[in-house]
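Participant: Hey, dropping target_28.cif in here, mmCIF, C-alpha atoms:
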data_query
loop_
_atom_site.label_atom_id
_atom_site.label_comp_id
_atom_site.auth_asym_id
_atom_site.auth_seq_id
_atom_site.Cartn_x
_atom_site.Cartn_y
_atom_site.Cartn_z
CA MET X 3 -17.11 -57.44 54.15
CA THR X 4 -15.54 -54.75 52.04
CA GLU X 5 -12.78 -57.05 50.83
CA SER X 6 -15.26 -59.26 49.02
CA THR X 7 -16.40 -56.44 46.74
CA ALA X 8 -13.04 -56.67 44.99
CA LEU X 9 -13.42 -60.41 44.41
CA PRO X 10 -14.39 -61.93 41.08
CA SER X 11 -18.16 -62.24 41.15
CA ALA X 12 -18.12 -66.01 41.35
CA PHE X 13 -16.10 -65.90 44.54
CA ALA X 14 -17.81 -62.86 45.99
CA GLU X 15 -21.06 -64.71 46.49
CA ILE X 16 -19.35 -67.65 48.17
CA ALA X 17 -17.31 -65.30 50.34
CA ASP X 18 -20.47 -63.49 51.42
CA ASP X 19 -22.06 -66.78 52.40
CA PHE X 20 -19.07 -67.69 54.56
CA HIS X 21 -18.72 -64.27 56.12
CA ALA X 22 -22.38 -64.28 57.10
CA LEU X 23 -21.65 -67.22 59.40
CA SER X 24 -19.64 -67.55 62.57
CA GLY X 25 -16.93 -70.14 63.31
CA ARG X 26 -18.70 -73.42 63.70
CA ASP X 27 -21.31 -72.69 61.04
CA ARG X 28 -18.57 -71.73 58.61
CA LEU X 29 -17.08 -75.18 59.06
CA GLN X 30 -20.50 -76.68 58.47
CA LEU X 31 -20.82 -74.77 55.20
CA LEU X 32 -17.40 -76.01 54.16
CA LEU X 33 -18.61 -79.51 54.95
CA ASP X 34 -21.66 -78.94 52.73
CA PHE X 35 -19.34 -77.94 49.91
CA SER X 36 -17.26 -81.02 50.63
CA ASN X 37 -20.27 -83.31 50.38
CA ASP X 38 -21.34 -81.66 47.14
CA LEU X 39 -18.06 -82.13 45.26
CA PRO X 40 -19.14 -83.68 41.96
CA ALA X 41 -17.86 -87.19 41.28
CA LEU X 42 -15.33 -87.66 38.50
CA PRO X 43 -16.85 -88.42 35.10
CA GLU X 44 -16.22 -91.99 34.01
CA ARG X 45 -13.49 -91.10 31.52
CA TYR X 46 -11.34 -89.92 34.44
CA ALA X 47 -12.61 -92.23 37.16
CA GLU X 48 -11.23 -95.09 35.10
CA HIS X 49 -7.97 -93.28 34.33
CA PRO X 50 -6.76 -91.63 37.53
CA GLU X 51 -3.25 -91.38 36.02
CA LEU X 52 -4.49 -88.54 33.81
CA LEU X 53 -5.03 -86.32 36.84
CA GLU X 54 -2.41 -84.04 38.32
CA PRO X 55 -1.54 -84.32 42.04
CA VAL X 56 -1.49 -81.24 44.28
CA PRO X 57 1.29 -81.77 46.82
CA GLU X 58 0.64 -78.53 48.71
CA CYS X 59 -2.44 -80.17 50.15
CA GLN X 60 -1.93 -82.23 53.27
CA SER X 61 -4.23 -84.88 51.87
CA PRO X 62 -4.13 -86.43 48.43
CA ILE X 63 -6.06 -84.54 45.80
CA PHE X 64 -5.89 -84.78 42.04
CA LEU X 65 -7.29 -82.46 39.42
CA ILE X 66 -7.62 -82.08 35.68
CA THR X 67 -9.00 -79.36 33.45
CA GLU X 68 -10.57 -79.35 30.01
CA VAL X 69 -10.94 -76.48 27.60
CA GLU X 70 -13.75 -76.12 25.09
CA GLY X 71 -12.56 -73.71 22.40
CA THR X 72 -9.36 -71.67 22.29
CA GLY X 73 -8.05 -68.51 23.82
CA ARG X 74 -9.53 -66.47 26.64
CA GLU X 75 -13.11 -67.03 25.49
CA ALA X 76 -12.84 -70.81 25.74
CA THR X 77 -14.90 -72.55 28.39
CA ALA X 78 -12.99 -74.02 31.34
CA ARG X 79 -14.04 -77.33 32.84
CA LEU X 80 -12.60 -78.55 36.16
CA PHE X 81 -12.57 -82.04 37.64
CA PHE X 82 -11.32 -83.10 41.06
CA SER X 83 -10.73 -86.29 42.95
CA ALA X 84 -10.16 -86.48 46.73
CA PRO X 85 -11.02 -89.21 49.23
CA ALA X 86 -13.82 -89.00 51.79
CA GLU X 87 -11.19 -89.00 54.59
CA ALA X 88 -10.07 -85.58 53.39
CA PRO X 89 -13.23 -83.47 53.75
CA THR X 90 -11.37 -80.15 54.05
CA THR X 91 -9.52 -80.68 50.80
CA ARG X 92 -12.74 -81.82 49.14
CA GLY X 93 -14.39 -78.65 50.41
CA PHE X 94 -11.67 -76.46 48.87
CA ALA X 95 -12.00 -78.29 45.56
CA SER X 96 -15.75 -77.94 45.64
CA ILE X 97 -15.52 -74.18 46.18
CA LEU X 98 -13.19 -73.86 43.20
CA ALA X 99 -15.51 -76.02 41.12
CA GLU X 100 -18.55 -73.96 42.00
CA ALA X 101 -16.79 -70.66 41.38
CA LEU X 102 -14.80 -71.51 38.26
CA ASP X 103 -16.19 -74.52 36.42
CA GLY X 104 -17.91 -73.42 33.22
CA ARG X 105 -16.45 -69.90 33.28
CA THR X 106 -14.26 -68.61 30.49
CA VAL X 107 -10.57 -69.38 30.61
CA GLY X 108 -9.93 -65.62 30.76
CA GLU X 109 -12.03 -65.26 33.90
CA VAL X 110 -10.23 -68.09 35.60
CA LEU X 111 -6.80 -66.76 34.66
CA ASP X 112 -7.77 -63.34 36.00
CA THR X 113 -8.70 -64.78 39.37
CA PRO X 114 -6.08 -63.56 41.83
CA GLU X 115 -4.46 -66.24 43.97
CA SER X 116 -5.25 -64.12 47.00
CA VAL X 117 -8.88 -65.10 46.55
CA THR X 118 -8.40 -68.15 48.77
CA GLY X 119 -7.56 -65.89 51.67
CA ALA X 120 -10.69 -63.79 51.29
CA LEU X 121 -13.26 -66.44 52.06
CA GLY X 122 -13.07 -66.13 55.82
CA LEU X 123 -11.67 -69.63 56.18
CA ALA X 124 -8.26 -68.92 57.68
CA GLU X 125 -9.75 -68.57 61.18
CA VAL X 126 -11.58 -71.87 61.02
CA VAL X 127 -9.15 -74.09 59.11
CA SER X 128 -5.78 -72.30 59.69
CA LEU X 129 -3.56 -70.56 57.14
CA LEU X 130 -1.32 -73.57 56.64
CA ARG X 131 -4.22 -75.72 55.49
CA LEU X 132 -5.47 -72.97 53.23
CA ASN X 133 -2.20 -73.18 51.27
CA GLY X 134 -3.58 -76.27 49.60
CA MET X 135 -6.38 -74.32 47.99
CA ALA X 136 -3.95 -71.80 46.50
CA GLY X 137 -1.90 -74.74 45.20
CA MET X 138 -4.96 -76.06 43.38
CA LEU X 139 -5.72 -72.68 41.83
CA VAL X 140 -2.14 -72.27 40.56
CA ARG X 141 -2.31 -75.65 38.85
CA ILE X 142 -5.73 -75.01 37.38
CA LYS X 143 -4.54 -71.74 35.84
CA ARG X 144 -1.37 -73.28 34.51
CA GLN X 145 -3.21 -76.19 32.89
CA LEU X 146 -5.84 -73.91 31.38
CA ALA X 147 -3.30 -71.48 29.94
CA GLN X 148 -1.51 -74.39 28.28
CA LYS X 149 -4.60 -76.10 26.95
CA SER X 150 -6.22 -72.96 25.59
CA GLY X 151 -3.05 -72.00 23.74
CA LEU X 152 -2.42 -68.84 25.73
CA MET B 19 -5.83 -91.96 87.81
CA THR B 20 -9.59 -91.79 87.89
CA VAL B 21 -10.44 -94.31 85.21
CA PRO B 22 -8.96 -97.83 85.38
CA VAL B 23 -6.34 -98.79 82.82
CA ASP B 24 -7.14 -101.01 79.87
CA PRO B 25 -6.16 -104.57 80.88
CA THR B 26 -6.09 -105.89 77.28
CA PRO B 27 -3.26 -108.47 77.23
CA ALA B 28 -1.82 -107.22 73.91
CA LEU B 29 -0.98 -103.87 75.52
CA GLN B 30 0.75 -105.26 78.61
CA ASP B 31 4.06 -105.94 76.87
CA TYR B 32 4.64 -102.23 76.31
CA ALA B 33 6.78 -100.30 78.78
CA ARG B 34 3.86 -98.09 79.85
CA PRO B 35 0.68 -99.95 78.95
CA GLU B 36 -1.47 -97.42 80.81
CA LYS B 37 -0.78 -94.86 78.05
CA LEU B 38 -2.71 -96.83 75.44
CA VAL B 39 -6.30 -98.03 75.20
CA SER B 40 -7.91 -100.42 72.73
CA THR B 41 -10.99 -99.62 70.67
CA GLN B 42 -12.90 -102.37 72.49
CA TRP B 43 -12.01 -100.94 75.90
CA LEU B 44 -13.16 -97.47 74.88
CA ALA B 45 -16.37 -98.82 73.38
CA ASP B 46 -17.03 -100.69 76.65
CA GLN B 47 -16.39 -97.55 78.68
CA LEU B 48 -18.83 -95.58 76.56
CA ALA B 49 -21.48 -98.31 76.30
CA ALA B 50 -23.27 -97.27 79.47
CA GLY B 51 -22.72 -93.57 78.83
CA ARG B 52 -19.42 -91.75 79.20
CA PRO B 53 -18.12 -92.18 82.75
CA GLU B 54 -17.47 -89.03 84.68
CA GLY B 55 -13.75 -88.46 84.69
CA LEU B 56 -13.21 -89.64 81.12
CA VAL B 57 -13.13 -87.24 78.19
CA VAL B 58 -12.46 -88.41 74.64
CA VAL B 59 -10.65 -85.93 72.37
CA GLU B 60 -10.42 -86.08 68.59
CA SER B 61 -7.39 -84.40 67.03
CA ASP B 62 -6.99 -84.67 63.27
CA GLU B 63 -4.93 -83.51 60.36
CA ASP B 64 -8.16 -82.78 58.50
CA VAL B 65 -9.97 -80.10 60.45
CA LEU B 66 -13.41 -81.12 59.11
CA LEU B 67 -13.23 -84.81 59.84
CA TYR B 68 -14.71 -84.44 63.32
CA GLU B 69 -17.74 -82.69 61.80
CA THR B 70 -18.36 -85.62 59.46
CA GLY B 71 -18.88 -87.85 62.51
CA HIS B 72 -16.95 -88.51 65.71
CA ILE B 73 -16.89 -90.99 68.59
CA PRO B 74 -20.00 -90.30 70.70
CA GLY B 75 -19.29 -87.66 73.33
CA ALA B 76 -15.86 -86.75 71.94
CA VAL B 77 -14.69 -83.13 71.87
CA LYS B 78 -12.48 -81.69 69.15
CA ILE B 79 -9.11 -80.12 69.81
CA ASP B 80 -7.26 -78.89 66.75
CA TRP B 81 -3.50 -78.70 66.90
CA HIS B 82 -3.25 -75.67 64.59
CA LEU B 83 -6.19 -73.69 65.89
CA ASP B 84 -6.34 -74.59 69.58
CA LEU B 85 -2.87 -75.59 70.73
CA ASN B 86 -0.79 -73.02 68.86
CA ASP B 87 -0.25 -69.35 69.39
CA PRO B 88 0.28 -68.04 65.87
CA VAL B 89 1.82 -64.78 67.04
CA THR B 90 4.58 -66.21 69.23
CA ARG B 91 4.85 -69.29 66.95
CA ASP B 92 4.75 -71.38 70.05
CA TYR B 93 2.24 -73.45 71.96
CA VAL B 94 -0.40 -71.71 73.99
CA ASP B 95 0.65 -70.65 77.47
CA GLY B 96 -0.70 -71.93 80.78
CA ALA B 97 -3.65 -69.56 80.77
CA GLY B 98 -4.53 -70.45 77.19
CA PHE B 99 -4.32 -74.16 77.92
CA ALA B 100 -6.49 -73.77 81.03
CA THR B 101 -9.13 -71.93 79.00
CA LEU B 102 -9.10 -74.70 76.39
CA MET B 103 -9.38 -77.41 79.04
CA ASP B 104 -12.29 -75.64 80.77
CA ALA B 105 -14.11 -75.26 77.46
CA SER B 106 -13.51 -78.94 76.71
CA GLY B 107 -14.85 -80.14 80.06
CA ILE B 108 -11.45 -81.40 81.17
CA THR B 109 -10.27 -80.96 84.75
CA ARG B 110 -6.75 -81.65 86.02
CA GLU B 111 -7.98 -85.07 87.25
CA THR B 112 -9.73 -86.07 84.01
CA THR B 113 -8.56 -89.14 82.13
CA VAL B 114 -8.16 -87.97 78.53
CA VAL B 115 -8.20 -90.44 75.63
CA ILE B 116 -7.07 -88.92 72.33
CA TYR B 117 -7.61 -90.35 68.86
CA GLY B 118 -7.22 -89.02 65.34
CA ASP B 119 -6.69 -89.65 61.65
CA LYS B 120 -3.44 -90.57 59.88
CA SER B 121 -2.37 -93.28 62.34
CA ASN B 122 -2.75 -90.85 65.24
CA TRP B 123 -0.02 -88.37 64.19
CA TRP B 124 -1.95 -85.36 65.40
CA ALA B 125 -3.41 -87.24 68.32
CA ALA B 126 0.13 -88.07 69.46
CA TYR B 127 1.10 -84.46 68.90
CA ALA B 128 -1.81 -83.25 71.02
CA LEU B 129 -0.93 -85.79 73.71
CA TRP B 130 2.61 -84.48 73.74
CA VAL B 131 1.36 -80.91 74.23
CA PHE B 132 -0.87 -82.10 77.10
CA GLU B 133 2.27 -83.52 78.67
CA LEU B 134 4.15 -80.23 78.31
CA PHE B 135 1.53 -78.98 80.74
CA GLY B 136 1.96 -82.02 82.95
CA HIS B 137 -1.56 -83.35 82.50
CA GLN B 138 -1.32 -86.60 84.43
CA ASP B 139 -3.53 -89.08 82.67
CA VAL B 140 -3.64 -88.77 78.92
CA ARG B 141 -3.80 -91.86 76.70
CA LEU B 142 -3.93 -92.72 72.99
CA LEU B 143 -6.56 -94.84 71.32
CA ASP B 144 -4.53 -97.55 69.58
CA GLY B 145 -5.23 -97.44 65.83
CA GLY B 146 -7.03 -94.11 66.09
CA ARG B 147 -9.99 -93.08 64.04
CA ALA B 148 -9.29 -95.52 61.20
CA ALA B 149 -9.34 -98.58 63.47
CA TRP B 150 -12.54 -97.44 65.18
CA GLN B 151 -14.17 -96.90 61.81
CA ALA B 152 -12.88 -100.14 60.27
CA GLU B 153 -14.53 -102.05 63.08
CA GLY B 154 -17.84 -100.45 62.23
CA ARG B 155 -18.09 -98.69 65.57
CA GLU B 156 -20.40 -95.78 66.11
CA LEU B 157 -19.58 -92.31 64.79
CA THR B 158 -22.07 -89.53 65.29
CA THR B 159 -22.60 -85.90 64.41
CA SER B 160 -24.69 -85.48 67.55
CA GLU B 161 -23.55 -83.22 70.36
CA GLN B 162 -25.15 -85.52 72.87
CA GLY B 163 -22.90 -86.89 75.57
CA LYS B 164 -20.28 -84.19 75.15
CA PRO B 165 -18.93 -82.96 78.47
CA ALA B 166 -20.26 -79.66 79.73
CA ALA B 167 -17.69 -76.92 80.13
CA THR B 168 -15.88 -76.98 83.46
CA THR B 169 -14.05 -74.32 85.44
CA GLY B 170 -10.89 -74.10 87.43
CA TYR B 171 -8.28 -75.94 85.35
CA PRO B 172 -5.11 -74.63 86.98
CA VAL B 173 -2.84 -72.27 85.11
CA VAL B 174 0.25 -74.46 84.83
CA GLU B 175 3.54 -73.23 83.51
CA ARG B 176 4.56 -75.29 80.50
CA GLN B 177 7.61 -77.46 81.17
CA ASP B 178 9.31 -77.73 77.79
CA ALA B 179 12.77 -78.85 78.84
CA PRO B 180 12.21 -82.57 79.47
CA LEU B 181 10.15 -83.21 76.34
CA ARG B 182 10.98 -80.55 73.80
CA ALA B 183 14.22 -79.71 72.00
CA TYR B 184 14.93 -76.27 70.56
CA ARG B 185 17.28 -75.71 67.64
CA GLU B 186 20.12 -74.68 69.98
CA ASP B 187 19.67 -77.97 71.85
CA VAL B 188 19.88 -79.88 68.59
CA LEU B 189 22.98 -78.00 67.49
CA ASP B 190 24.68 -79.15 70.70
CA PHE B 191 23.31 -82.64 70.24
CA LEU B 192 24.79 -83.45 66.80
CA GLY B 193 26.46 -86.84 66.89
CA GLY B 194 24.05 -88.08 69.56
CA PRO B 195 21.08 -90.34 68.88
CA LEU B 196 19.07 -88.12 66.58
CA ILE B 197 16.23 -89.63 64.56
CA ASP B 198 14.74 -88.25 61.36
CA VAL B 199 11.30 -89.85 61.01
CA ARG B 200 10.36 -88.37 57.62
CA SER B 201 10.18 -90.34 54.39
CA PRO B 202 13.46 -91.52 52.82
CA GLN B 203 13.06 -88.96 50.00
CA GLU B 204 12.78 -86.10 52.45
CA TYR B 205 15.81 -87.44 54.33
CA THR B 206 18.10 -87.62 51.32
CA GLY B 207 16.97 -84.25 50.05
CA GLU B 208 15.76 -85.36 46.65
CA ARG B 209 12.51 -83.61 46.00
CA THR B 210 10.05 -83.55 43.16
CA HIS B 211 10.88 -80.21 41.66
CA MET B 212 8.57 -79.09 38.91
CA PRO B 213 8.89 -75.80 37.09
CA ASP B 214 6.45 -73.07 38.12
CA TYR B 215 5.27 -74.93 41.16
CA PRO B 216 5.18 -73.31 44.54
CA GLN B 217 7.43 -75.13 46.95
CA GLU B 218 5.99 -75.65 50.36
CA GLY B 219 7.96 -74.88 53.42
CA THR B 220 11.66 -75.34 53.06
CA LEU B 221 14.43 -73.93 50.94
CA ARG B 222 16.81 -76.84 51.30
CA GLY B 223 16.39 -80.59 51.10
CA GLY B 224 18.30 -83.00 53.30
CA HIS B 225 18.62 -83.82 56.99
CA ILE B 226 20.27 -82.68 60.18
CA PRO B 227 23.88 -83.95 60.15
CA THR B 228 24.33 -87.31 61.91
CA ALA B 229 20.58 -87.98 62.09
CA ARG B 230 19.56 -91.55 61.33
CA SER B 231 16.57 -92.18 59.09
CA VAL B 232 13.77 -94.15 60.73
CA PRO B 233 10.47 -93.27 59.03
CA TRP B 234 7.66 -93.05 61.60
CA ALA B 235 5.58 -95.61 59.69
CA ARG B 236 7.95 -98.40 60.62
CA ALA B 237 6.35 -98.33 64.08
CA ALA B 238 2.84 -98.68 62.70
CA ALA B 239 1.10 -101.83 61.54
CA GLU B 240 -1.10 -101.98 58.45
CA ASP B 241 -4.21 -101.13 60.45
CA GLY B 242 -2.60 -98.06 62.02
CA ARG B 243 -2.07 -99.70 65.40
CA PHE B 244 1.37 -99.80 66.96
CA ARG B 245 3.54 -102.82 66.21
CA PRO B 246 4.15 -105.26 69.06
CA ARG B 247 6.98 -104.36 71.41
CA ALA B 248 9.27 -107.13 70.19
CA GLU B 249 9.07 -105.83 66.62
CA LEU B 250 9.68 -102.27 67.75
CA GLU B 251 12.71 -103.35 69.77
CA GLU B 252 14.07 -105.13 66.74
CA ILE B 253 13.96 -101.87 64.77
CA TYR B 254 15.05 -99.24 67.26
CA GLN B 255 17.34 -101.20 69.55
CA GLY B 256 18.36 -104.12 67.32
CA GLU B 257 18.79 -102.67 63.86
CA LEU B 258 19.66 -99.10 64.82
CA GLY B 259 21.30 -99.72 68.15
CA PHE B 260 19.52 -96.99 70.10
CA ASP B 261 19.69 -97.33 73.84
CA THR B 262 16.83 -96.66 76.26
CA ALA B 263 19.10 -94.95 78.78
CA THR B 264 20.68 -92.48 76.32
CA PRO B 265 18.94 -89.16 75.70
CA THR B 266 17.41 -89.17 72.21
CA VAL B 267 15.94 -86.49 69.94
CA VAL B 268 13.36 -87.01 67.17
CA TYR B 269 12.22 -84.65 64.43
CA CYS B 270 10.23 -84.55 61.18
CA ARG B 271 8.84 -81.61 59.18
CA ILE B 272 6.77 -79.78 61.78
CA GLY B 273 6.85 -82.20 64.68
CA GLU B 274 3.66 -84.19 64.16
CA ARG B 275 5.08 -87.42 62.77
CA SER B 276 7.94 -87.24 65.27
CA ALA B 277 5.40 -86.96 68.11
CA HIS B 278 4.23 -90.40 66.96
CA SER B 279 7.80 -91.74 67.17
CA TRP B 280 8.33 -89.91 70.48
CA PHE B 281 5.32 -91.80 71.87
CA VAL B 282 6.71 -95.11 70.62
CA LEU B 283 10.15 -94.59 72.14
CA THR B 284 8.91 -93.11 75.41
CA TYR B 285 5.87 -95.17 76.28
CA LEU B 286 6.07 -98.34 74.24
CA LEU B 287 9.81 -98.96 74.55
CA GLY B 288 10.53 -97.13 77.80
CA PHE B 289 13.25 -94.75 76.61
CA GLU B 290 14.03 -92.54 79.58
CA ASN B 291 14.68 -89.23 77.87
CA VAL B 292 13.26 -88.50 74.42
CA ARG B 293 12.69 -84.96 73.22
CA ASN B 294 10.71 -83.91 70.17
CA TYR B 295 12.37 -81.17 68.11
CA ASP B 296 9.13 -79.60 66.92
CA GLY B 297 10.85 -76.83 64.95
CA SER B 298 11.93 -79.77 62.83
CA TRP B 299 12.86 -79.46 59.17
CA THR B 300 10.66 -76.41 58.62
CA GLU B 301 12.97 -74.52 60.95
CA TRP B 302 16.26 -76.32 60.40
CA GLY B 303 16.01 -76.54 56.63
CA ASN B 304 15.51 -72.78 56.44
CA GLY B 305 17.91 -71.82 59.21
CA VAL B 306 20.65 -69.46 58.10
CA ARG B 307 24.06 -71.10 58.62
CA LEU B 308 22.61 -74.27 60.08
CA PRO B 309 24.55 -77.21 58.66
CA ILE B 310 22.73 -79.95 56.77
CA ALA B 311 23.64 -83.26 55.18
CA GLN B 312 22.31 -84.58 51.88
CA GLY B 313 22.07 -88.11 50.54
CA SER B 314 21.41 -91.37 52.30
CA GLU B 315 24.34 -91.20 54.77
CA PRO B 316 23.88 -89.53 58.17
CA GLY B 317 26.96 -87.36 57.64
CA GLU B 318 29.58 -86.03 60.05
CA VAL B 319 29.39 -83.59 62.93
CA PRO B 320 30.44 -80.31 61.30
CA THR B 321 33.38 -78.46 62.78
CA ARG B 322 32.26 -75.26 64.43
#
Please render this file's structure as structure tokens.

Facilitator:
Amino acid sequence: MTESTALPSAFAEIADDFHALSGRDRLQLLLDFSNDLPALPERYAEHPELLEPVPECQSPIFLITEVEGTGREATARLFFSAPAEAPTTRGFASILAEALDGRTVGEVLDTPESVTGALGLAEVVSLLRLNGMAGMLVRIKRQLAQKSGL
Amino acid sequence: MTVPVDPTPALQDYARPEKLVSTQWLADQLAAGRPEGLVVVESDEDVLLYETGHIPGAVKIDWHLDLNDPVTRDYVDGAGFATLMDASGITRETTVVIYGDKSNWWAAYALWVFELFGHQDVRLLDGGRAAWQAEGRELTTSEQGKPAATTGYPVVERQDAPLRAYREDVLDFLGGPLIDVRSPQEYTGERTHMPDYPQEGTLRGGHIPTARSVPWARAAAEDGRFRPRAELEEIYQGELGFDTATPTVVYCRIGERSAHSWFVLTYLLGFENVRNYDGSWTEWGNGVRLPIAQGSEPGEVPTR
């Protein structure tokens, strides 16, 4: 896929994995991501009110970011919470976690929102559902910019 | 009808008990292997839920991906529906039982689309996926027991008029029994606006003038099953004064929650003529020069 060469490296690899598969197997890979979404650390599991809701998603999902350091070189940490009954949303969150967690704030902020459309998922989950993933990315970037003092 | 109806006493009070099956009945049907002539369909909001485990032998039909034509922004046509039915192992004579997540919103929506094509015997699983799961019944990721593809589903022209309202129909219908089944906050038009947040869908908040607010969830019990007929009558006929003989129109945001209410009015309460306005608020809220009302009152019929 030529479009994936323009993606940030973290996403390019994931996009390649998806594009290498056809319809049903793509869904299966999304399900693998969904199952691998890391659980919330205790400090958030016990305080769900600290997390921010993402209303663009059809199903309830909450997220919070942390920043270690300041400015663009700071490290970005991402945490998500979504119920088992919402595997698609969990899958989206898990992709974002794998691609962006632990990167620098600068790298995350430079990630174009169009990235969610380049993963080859629109055909298997529909564009409308994919909106939720873009909604998560917008919030992640906004939180990180604030917390890193940018 | 190729498969007998579910004789469960609790269902017999409804106007059309043959449109609903209980989890126990379905489990009994499947216990000795899926009978020929019965196909179970899962239709969910979450497109991956089926892959996490489904009722044994069930096929998946997704409202967004399978029942819509994204180019015409309409449902698939007769040829498209026939192709989908053939691939799903459904013939014109097949009894179809649909279930799904979220209290069967999308299952009801899929059922409604089946009826646009006049599929004779299509039923809902009362309580949907959640009830099946809560009772600890079997879910599987196995393909075993799924129907083989069939051929020859007829190409049937979709009959929208009796079941579906377009925006022009609604414009002519203002002042008639029009039901907004969204949440009270969506109805009044108050929305959670936050700076810098993308707004999904609509430019305006509010409701179609003269529409009454009856959130879909009022028809559902805690466990996702439908409320008993007497309770439903108390709401729709008693409290709101709707009449089974008067044509009625329901809408929500994109037509899925209102398909749930359409099912309740049509099959559980026996309303004779209910149409689902599937363009719903996504279309009406954005429609240039379409009148809206805001706040908790239904509002007046605008002068035209």

Participant: Please provide the set of residues having any atom within 9 Å of stretch 191-197 of chain B, restricted to all atoms listed in the file, with same-chain residues fewer than 3 positions apart removed, written as a list in words.

Facilitator: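 Skipping anything fewer than 3 positions along the chain leaves Glu186, Asp187, Val188, Ile226, Pro227, Thr228, Ala229, Arg230, Ser231, Val232, Pro233, Phe260, Asp261, Thr264, Pro265, Thr266, Val267, Val268, Tyr269, Cys270, Ser276, Glu318, Val319 and Pro320 of chain B.
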
Participant: Kindly extract all protein, DNA and RNA residues lying within 9 Å of the coordinates (-10.3, -67.2, 41.0) given in the file, considering only C-alpha atoms, and supply them as a PDB file with C-alpha atoms, in the coordinates of the input.

Facilitator:
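That gives us part27.pdb:
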ATOM      1  CA  LEU X   9     -13.420 -60.410  44.410  1.00  0.00           C
ATOM      2  CA  PRO X  10     -14.390 -61.930  41.080  1.00  0.00           C
ATOM      3  CA  ALA X  12     -18.120 -66.010  41.350  1.00  0.00           C
ATOM      4  CA  PHE X  13     -16.100 -65.900  44.540  1.00  0.00           C
ATOM      5  CA  LEU X  98     -13.190 -73.860  43.200  1.00  0.00           C
ATOM      6  CA  ALA X 101     -16.790 -70.660  41.380  1.00  0.00           C
ATOM      7  CA  LEU X 102     -14.800 -71.510  38.260  1.00  0.00           C
ATOM      8  CA  GLU X 109     -12.030 -65.260  33.900  1.00  0.00           C
ATOM      9  CA  VAL X 110     -10.230 -68.090  35.600  1.00  0.00           C
ATOM     10  CA  LEU X 111      -6.800 -66.760  34.660  1.00  0.00           C
ATOM     11  CA  ASP X 112      -7.770 -63.340  36.000  1.00  0.00           C
ATOM     12  CA  THR X 113      -8.700 -64.780  39.370  1.00  0.00           C
ATOM     13  CA  PRO X 114      -6.080 -63.560  41.830  1.00  0.00           C
ATOM     14  CA  GLU X 115      -4.460 -66.240  43.970  1.00  0.00           C
ATOM     15  CA  SER X 116      -5.250 -64.120  47.000  1.00  0.00           C
ATOM     16  CA  VAL X 117      -8.880 -65.100  46.550  1.00  0.00           C
ATOM     17  CA  THR X 118      -8.400 -68.150  48.770  1.00  0.00           C
ATOM     18  CA  LEU X 139      -5.720 -72.680  41.830  1.00  0.00           C
ATOM     19  CA  LYS X 143      -4.540 -71.740  35.840  1.00  0.00           C
TER      20      LYS X 143
END

Participant: Counting all atoms listed in the file, which residues from chain B have an atom at most 7 Å from any atom of chain X, and could you show them as a PDB file with C-alpha atoms, in the coordinates of the input?

Facilitator:
ATOM      1  CA  ASP B  64      -8.160 -82.780  58.500  1.00  0.00           C
ATOM      2  CA  VAL B  65      -9.970 -80.100  60.450  1.00  0.00           C
ATOM      3  CA  LEU B  66     -13.410 -81.120  59.110  1.00  0.00           C
ATOM      4  CA  LEU B  67     -13.230 -84.810  59.840  1.00  0.00           C
ATOM      5  CA  HIS B  82      -3.250 -75.670  64.590  1.00  0.00           C
ATOM      6  CA  LEU B  83      -6.190 -73.690  65.890  1.00  0.00           C
ATOM      7  CA  GLU B 218       5.990 -75.650  50.360  1.00  0.00           C
TER       8      GLU B 218
END

Participant: Do you know which residues are at most 8 Å from X:Leu42 counting only C-alpha atoms, after dropping those on the same chain fewer than 4 positions away, and could you put them as a list of chain:residue names?

Facilitator: X:Tyr46, X:Ala47, X:Phe81, X:Phe82, X:Ser83

Participant: Could those residues be written to a file, using C-alpha atoms, as a compact mmCIF listing (two decimals), keeping the file's coordinate frame?

Facilitator:
# COMPACT_ATOMS: atom_id res chain seq x y z
CA TYR X 46 -11.34 -89.92 34.44
CA ALA X 47 -12.61 -92.23 37.16
CA PHE X 81 -12.57 -82.04 37.64
CA PHE X 82 -11.32 -83.10 41.06
CA SER X 83 -10.73 -86.29 42.95

Participant: Between atom CA of B:Ala126 and atom CA of B:Pro316, what distance in Å does the model show, to one decimal?

Facilitator: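 Atom CA of B:Pro316 lies at a distance of 26.3 Å from atom CA of B:Ala126.
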
Participant: So which residues touch B:Glu301 within 9 Å, counting only C-alpha atoms, skipping near sequence neighbours fewer than 6 positions away, as a list in words?

Facilitator: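 Here the answer would be Arg185, Thr220, Arg271 and Ile272 of chain B.
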
Participant: Could you tell me how far atom CA of B:Thr113 lies from atom CA of B:Ala50, in Å and to one decimal?

Facilitator: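 A separation of 17.0 Å between them.
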
Participant: Taking 4 positions as the minimum chain separation for residues in the same chain, which residues sit within 10 Å of B:Asp31 when counting all atoms listed in the file? Answer as a list in words.

Facilitator: Pro27, Pro35, Pro246, Arg247, Ala248, Leu286 and Leu287 of chain B

Participant: Can you measure atom CA of B:Trp299 to atom CA of B:Tyr127 for me? One decimal in Å is fine.

Facilitator: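 Those two atoms sit 16.1 Å apart.
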
Participant: Expand the PyMOL selection byres ((chain B and resi 140) around 7) into the individual residues it matches in the shown file, reporting them as JSON, numbers by chain.

Facilitator: {"B": [37, 113, 114, 115, 129, 137, 138, 139, 141]}

Participant: Starting from the displayed file, determine the output of the PyMOL selection byres ((chain X and resi 50) around 12) and express the residue list as JSON, numbers by chain.

Facilitator: {"X": [42, 43, 44, 45, 46, 47, 48, 49, 51, 52, 53, 54, 55, 63, 64, 65, 66, 81, 82, 83, 84]}
